[in-house]
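A.B. asks: Structure in structure tokens, see below.
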Amino acid sequence: MDDLNDQQDQAIDFLDISRRLGRGMAQILGMALLGVVIAAGVILVASRFQPISTGTRVVFSFPGFEKGQYPDGSKFEPDDLIAPDVVADAIKREGLADSDDFQAQVRVGLNVEGVIPADEVKARDRIRAAGEVLSPYIPNEYAITLTLKRSLPLSIDQRRLLMNAIVNTYREKFERTYADVPLAFGNAFETLKSADYFEYEMVLTEESQHITVFLNQQLDQAKNFRSSSTNLSFSDLLNQTDLFRQIKLDETLGLIRQNGLSKDRNLAMVKMGYYLATLEDQEQEALADEKTVQDLLSKAQEHLQSYVLGIKSELAQPRSEAPLLDQGLIDSLLANDSYNLLVRKALDAGLEVKRIQARKAQLLERRRDMQAFLGKSGASGRVIARQVDDSLGNLKVAYGELIKSIRDTQADFARQRFADAIRLSDKIKTEGMLKPLAEASGLGLFLGAALGAGLSLLGVYFGGGKES
């Protein structure tokens, strides 16, 4: 009997709740709509004082990156992506306000963070839990964000375009530095526009050496590479360079040297004399540097020998609990590292001295040859000059063809090697108003409806007083 009464009481309660909610339905809907309006208004007002973030992800993949290095061995820094020169160039490309204040705001708003995959985090946690030493982790993906005030006169599209311009500017800077042929490469004849004949020998001989060094470096990196546009390998280009030097270059330079050809031999002697004086100054400086390095190397060798003797004497003594690395061994390692550095410095200094002395000897020989022709002139000299000019014209054409083949082959190699060196792994996204507005409106709807329902259950109705 009691159970039946309880069930009747509950049924009465539910009927009362339904009746109250039904009567307050208009109130509930009104409160819900009011909550939506208030929440949306708050978000719209607050958004005017909050910054907007535009972001994307960049993946790096080039030789040496796994070691944290650029292709030339220099250290890689993620902040290079947002370096001041990169940002300034990107702003200029987009035609935005090129003021120092605007650039400063953009640089402050940029941020680069490494992205570490969840699997990698778990794997490193297991290694750490096992007590093993963790090796440094270098992420290959980075999140770059640009956070600027909404009041800044930049539209959403302009912010995305600016982000894209920053990444593209950095990519082009990377390609210019590590992929493209150096700008000074292949400009020998531009340098020689107003030069005398004897200067052709110095400049073109040095240029052919630079070409050979460059091609040997590329051959070390890509022994099996063959260009799709030129059908040439770097080995083929080396052979072409040798043929160019033997057939074209030696012919022209031989005519110049054999005939002591010059536009003004007296002026040429003055130029050679000044150049020799410059080389002598360089030689004295290089000899002084070599002597300093040799002295330091001798002292370092003495210290290294004393460290080794000290370690041997310590090892000969019985020690019960000797550490794996004592101070003597650490000092020895440091001394050995310094010694190796000085050996490399001594080698570089010695090679520099030999290089300057070789150039000096060559110039002295050219000067003696020129002296033998002082005061000589005539119709034969003019005929030889025309012959040399014709030979120089043919040489220039052959040189241009060789440089073009090298540039085209290198361009194909760079596209193959650095095609995915720097790429976006995500779309450029900007925080919009729709999501926060929808979330706030949903929250306002819920709170307004809850308030209206609560008042209805309490019997309070707007416009209808209080239920008795």
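We label chains A, B, ... in the order they appear in the structure tokens, count residues from 1 in each chain, and number ligands from 1 in the order shown.
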Mind checking which residues fall within 12 Å of Gln69 of chain A, counting only C-alpha atoms, ignoring those fewer than 5 positions away in the same chain, and posting them as a list in words?
C.D. replies: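 Answer for this query is Phe60, Ser61, Phe62, Pro63, Gly64, Ser74, Lys75, Phe76, Glu77, Pro78, Ile138 and Asn140 of chain A.
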A.B. asks: How would the residues just picked look written out with N, CA and C atoms as an mmCIF file, in the first residue's frame?
C.D. replies:
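result.cif was written with the following content:
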```cif
data_model
loop_
_atom_site.group_PDB
_atom_site.id
_atom_site.type_symbol
_atom_site.label_atom_id
_atom_site.label_comp_id
_atom_site.auth_asym_id
_atom_site.auth_seq_id
_atom_site.Cartn_x
_atom_site.Cartn_y
_atom_site.Cartn_z
ATOM 1 N N PHE A 60 61.553 19.855 -42.961
ATOM 2 C CA PHE A 60 62.895 20.007 -43.514
ATOM 3 C C PHE A 60 63.444 18.626 -43.865
ATOM 4 N N SER A 61 64.039 18.532 -45.038
ATOM 5 C CA SER A 61 64.602 17.254 -45.478
ATOM 6 C C SER A 61 65.710 17.523 -46.491
ATOM 7 N N PHE A 62 66.931 17.661 -45.997
ATOM 8 C CA PHE A 62 68.083 17.860 -46.873
ATOM 9 C C PHE A 62 69.298 17.177 -46.254
ATOM 10 N N PRO A 63 70.311 16.876 -47.056
ATOM 11 C CA PRO A 63 71.492 16.162 -46.542
ATOM 12 C C PRO A 63 72.137 16.911 -45.386
ATOM 13 N N GLY A 64 72.371 16.180 -44.296
ATOM 14 C CA GLY A 64 72.984 16.774 -43.116
ATOM 15 C C GLY A 64 72.002 17.209 -42.054
ATOM 16 N N SER A 74 77.368 23.816 -41.716
ATOM 17 C CA SER A 74 77.054 24.832 -40.714
ATOM 18 C C SER A 74 75.834 24.407 -39.894
ATOM 19 N N LYS A 75 75.714 24.975 -38.692
ATOM 20 C CA LYS A 75 74.663 24.556 -37.769
ATOM 21 C C LYS A 75 73.294 25.046 -38.218
ATOM 22 N N PHE A 76 72.316 24.154 -38.153
ATOM 23 C CA PHE A 76 70.933 24.515 -38.473
ATOM 24 C C PHE A 76 70.241 25.069 -37.233
ATOM 25 N N GLU A 77 69.544 26.172 -37.412
ATOM 26 C CA GLU A 77 68.756 26.779 -36.340
ATOM 27 C C GLU A 77 67.332 26.975 -36.848
ATOM 28 N N PRO A 78 66.317 26.482 -36.124
ATOM 29 C CA PRO A 78 64.927 26.679 -36.571
ATOM 30 C C PRO A 78 64.557 28.146 -36.758
ATOM 31 N N ILE A 138 66.259 15.669 -32.944
ATOM 32 C CA ILE A 138 66.120 16.830 -33.831
ATOM 33 C C ILE A 138 64.854 16.633 -34.654
ATOM 34 N N ASN A 140 62.100 17.012 -37.484
ATOM 35 C CA ASN A 140 62.193 17.458 -38.872
ATOM 36 C C ASN A 140 60.960 18.259 -39.303
#
```
A.B. asks: List the spatial neighbours of Val86 of chain A as a PDB file with C-alpha atoms, in the first residue's frame - criterion: any atom at most 7 Å away, only C-alpha atoms, same-chain residues fewer than 3 positions off excluded.
C.D. replies:
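Contents of out36.pdb, as written:
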```
ATOM      1  CA  ILE A  82      62.052  33.712 -39.341  1.00  0.00           C
ATOM      2  CA  ALA A  83      65.353  35.588 -39.587  1.00  0.00           C
ATOM      3  CA  ASP A  89      61.973  40.474 -47.784  1.00  0.00           C
ATOM      4  CA  ALA A  90      58.605  38.707 -47.347  1.00  0.00           C
ATOM      5  CA  ILE A 166      58.008  33.968 -45.320  1.00  0.00           C
ATOM      6  CA  THR A 169      61.567  33.520 -49.059  1.00  0.00           C
ATOM      7  CA  TYR A 170      63.428  31.183 -46.734  1.00  0.00           C
TER       8      TYR A 170
END
```
A.B. asks: Using only C-alpha atoms, pick whichever of A:Met272, A:Arg344, A:Pro84, A:Asp408 has the shortest atom-to-atom distance to Lys360 of chain A.
C.D. replies: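 Counting only C-alpha atoms, the residue closest to Lys360 of chain A is A:Met272.
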A.B. asks: Here is a test: counting only C-alpha atoms, which residue of A:Arg355, A:Arg367, A:Lys92, A:Lys291 is nearest to Tyr274 of chain A?
C.D. replies: A:Arg367
A.B. asks: Using only C-alpha atoms, which residue out of A:Ile52, A:Val59, A:Leu364, A:Leu34 lies closest to Lys149 of chain A?
C.D. replies: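 Looking at the shortest contact to Lys149 of chain A, the residue is A:Ile52.
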A.B. asks: Which one of A:Asn239, A:Thr409, A:Ser456, A:Ser99 sits closest to Ala26 of chain A if you count only C-alpha atoms?
C.D. replies: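 Among A:Asn239, A:Thr409, A:Ser456, A:Ser99, it is A:Ser456 that comes nearest to Ala26 of chain A.
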A.B. asks: Counting only C-alpha atoms, which of A:Lys223, A:Arg359, A:Lys429, A:His210 gets nearest to Thr278 of chain A?
C.D. replies: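 That would be A:Arg359, the residue with the smallest distance to Thr278 of chain A.
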A.B. asks: Would you compute the distance between atom CA of Tyr200 of chain A and atom CA of Glu280 of chain A? Give it in Å to one decimal.
C.D. replies: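 Rounded to one decimal, the two atoms are 21.8 Å apart.
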A.B. asks: When DSSP is applied to the backbone of this structure, which of segment 191-432 of chain A are assigned alpha helix (DSSP H)? Write them out as a PyMOL selection string.
C.D. replies: chain A and resi 191+197-221+234-243+250-258+265-316+327-371+379-417
A.B. asks: Compare A:Gln371, A:Ser194, A:Gln357, A:Gln158 by their minimum atom-to-atom distance to Arg257 of chain A, counting only C-alpha atoms, and give me the closest one.
C.D. replies: A:Gln371
A.B. asks: For Pro117 of chain A, list every protein, DNA or RNA residue within 12 Å, evaluated using only C-alpha atoms, and leave out those in the same chain fewer than 5 positions away; present the list as a ChimeraX atom specification.
C.D. replies: /A:122-124,137-142
A.B. asks: For the selection you just gave me, I'd like the residues written to a file as a compact mmCIF listing (two decimals), in the first residue's frame, keeping N, CA and C atoms.
C.D. replies:
```txt
# COMPACT_ATOMS: atom_id res chain seq x y z
N LYS A 122 56.55 8.51 -26.69
CA LYS A 122 56.39 7.25 -25.94
C LYS A 122 57.67 6.43 -25.96
N ALA A 123 58.31 6.38 -27.14
CA ALA A 123 59.55 5.60 -27.25
C ALA A 123 60.63 6.17 -26.35
N ARG A 124 60.75 7.47 -26.29
CA ARG A 124 61.78 8.10 -25.45
C ARG A 124 61.44 7.96 -23.98
N TYR A 137 67.29 14.70 -29.79
CA TYR A 137 66.29 14.50 -30.85
C TYR A 137 66.13 15.79 -31.64
N ILE A 138 66.26 15.67 -32.94
CA ILE A 138 66.12 16.83 -33.83
C ILE A 138 64.85 16.63 -34.65
N PRO A 139 63.77 17.34 -34.33
CA PRO A 139 62.54 17.18 -35.12
C PRO A 139 62.73 17.69 -36.53
N ASN A 140 62.10 17.01 -37.48
CA ASN A 140 62.19 17.46 -38.87
C ASN A 140 60.96 18.26 -39.30
N GLU A 141 60.01 18.41 -38.39
CA GLU A 141 58.81 19.20 -38.67
C GLU A 141 58.66 20.28 -37.61
N TYR A 142 58.34 21.48 -38.06
CA TYR A 142 58.22 22.63 -37.15
C TYR A 142 56.92 23.37 -37.42
```
A.B. asks: Excluding same-chain residues fewer than 2 positions from Ser53 of chain A, what lies within 10 Å of it counting only C-alpha atoms, as number ranges by chain?
C.D. replies: A: 50-51, 55, 109-110, 145-150, 156, 159-160, 429-432
A.B. asks: Output N, CA and C atoms of each residue in that selection to a file, as a CSV table (one decimal), in the first residue's frame.
C.D. replies:
```
chain,number,residue,atom,x,y,z
A,50,GLN,N,41.6,40.8,-28.9
A,50,GLN,CA,42.4,39.6,-28.9
A,50,GLN,C,43.2,39.4,-30.2
A,51,PRO,N,44.4,38.9,-30.1
A,51,PRO,CA,45.2,38.7,-31.4
A,51,PRO,C,44.7,37.5,-32.2
A,55,GLY,N,48.9,30.0,-38.8
A,55,GLY,CA,49.9,29.0,-38.6
A,55,GLY,C,50.0,27.9,-39.7
A,109,GLY,N,55.7,38.6,-33.4
A,109,GLY,CA,54.5,37.7,-33.5
A,109,GLY,C,54.9,36.4,-34.0
A,110,LEU,N,56.1,36.2,-34.6
A,110,LEU,CA,56.4,34.9,-35.2
A,110,LEU,C,57.0,34.0,-34.1
A,145,THR,N,54.0,30.0,-36.4
A,145,THR,CA,52.7,30.7,-36.1
A,145,THR,C,53.1,32.2,-36.2
A,146,LEU,N,52.1,33.0,-36.7
A,146,LEU,CA,52.2,34.4,-36.7
A,146,LEU,C,51.0,35.0,-36.0
A,147,THR,N,51.2,35.6,-34.8
A,147,THR,CA,50.2,36.1,-33.9
A,147,THR,C,50.3,37.6,-33.9
A,148,LEU,N,49.2,38.2,-34.5
A,148,LEU,CA,49.2,39.7,-34.6
A,148,LEU,C,47.8,40.2,-34.1
A,149,LYS,N,47.8,41.5,-33.7
A,149,LYS,CA,46.6,42.1,-33.2
A,149,LYS,C,45.5,42.1,-34.3
A,150,ARG,N,44.3,41.9,-33.9
A,150,ARG,CA,43.2,42.0,-34.8
A,150,ARG,C,43.0,43.4,-35.4
A,156,ILE,N,42.5,38.7,-43.2
A,156,ILE,CA,42.8,37.3,-43.0
A,156,ILE,C,43.7,36.7,-44.2
A,159,ARG,N,47.3,38.0,-44.0
A,159,ARG,CA,48.1,37.2,-43.0
A,159,ARG,C,48.5,35.9,-43.6
A,160,ARG,N,47.6,35.2,-44.3
A,160,ARG,CA,48.0,33.9,-44.9
A,160,ARG,C,49.1,34.1,-46.0
A,429,LYS,N,46.5,28.1,-41.9
A,429,LYS,CA,45.2,28.3,-41.3
A,429,LYS,C,45.2,29.6,-40.4
A,430,THR,N,44.1,30.3,-40.4
A,430,THR,CA,44.0,31.4,-39.5
A,430,THR,C,42.7,31.2,-38.7
A,431,GLU,N,42.9,31.5,-37.4
A,431,GLU,CA,41.8,31.4,-36.5
A,431,GLU,C,40.6,32.3,-36.9
A,432,GLY,N,39.5,31.7,-37.1
A,432,GLY,CA,38.3,32.5,-37.5
A,432,GLY,C,37.4,32.8,-36.3
```
A.B. asks: As an exercise, work out the distance from atom CA of Ser155 of chain A to atom CA of Asn168 of chain A in Å and give it to one decimal place.
C.D. replies: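 It comes out at 19.9 Å.
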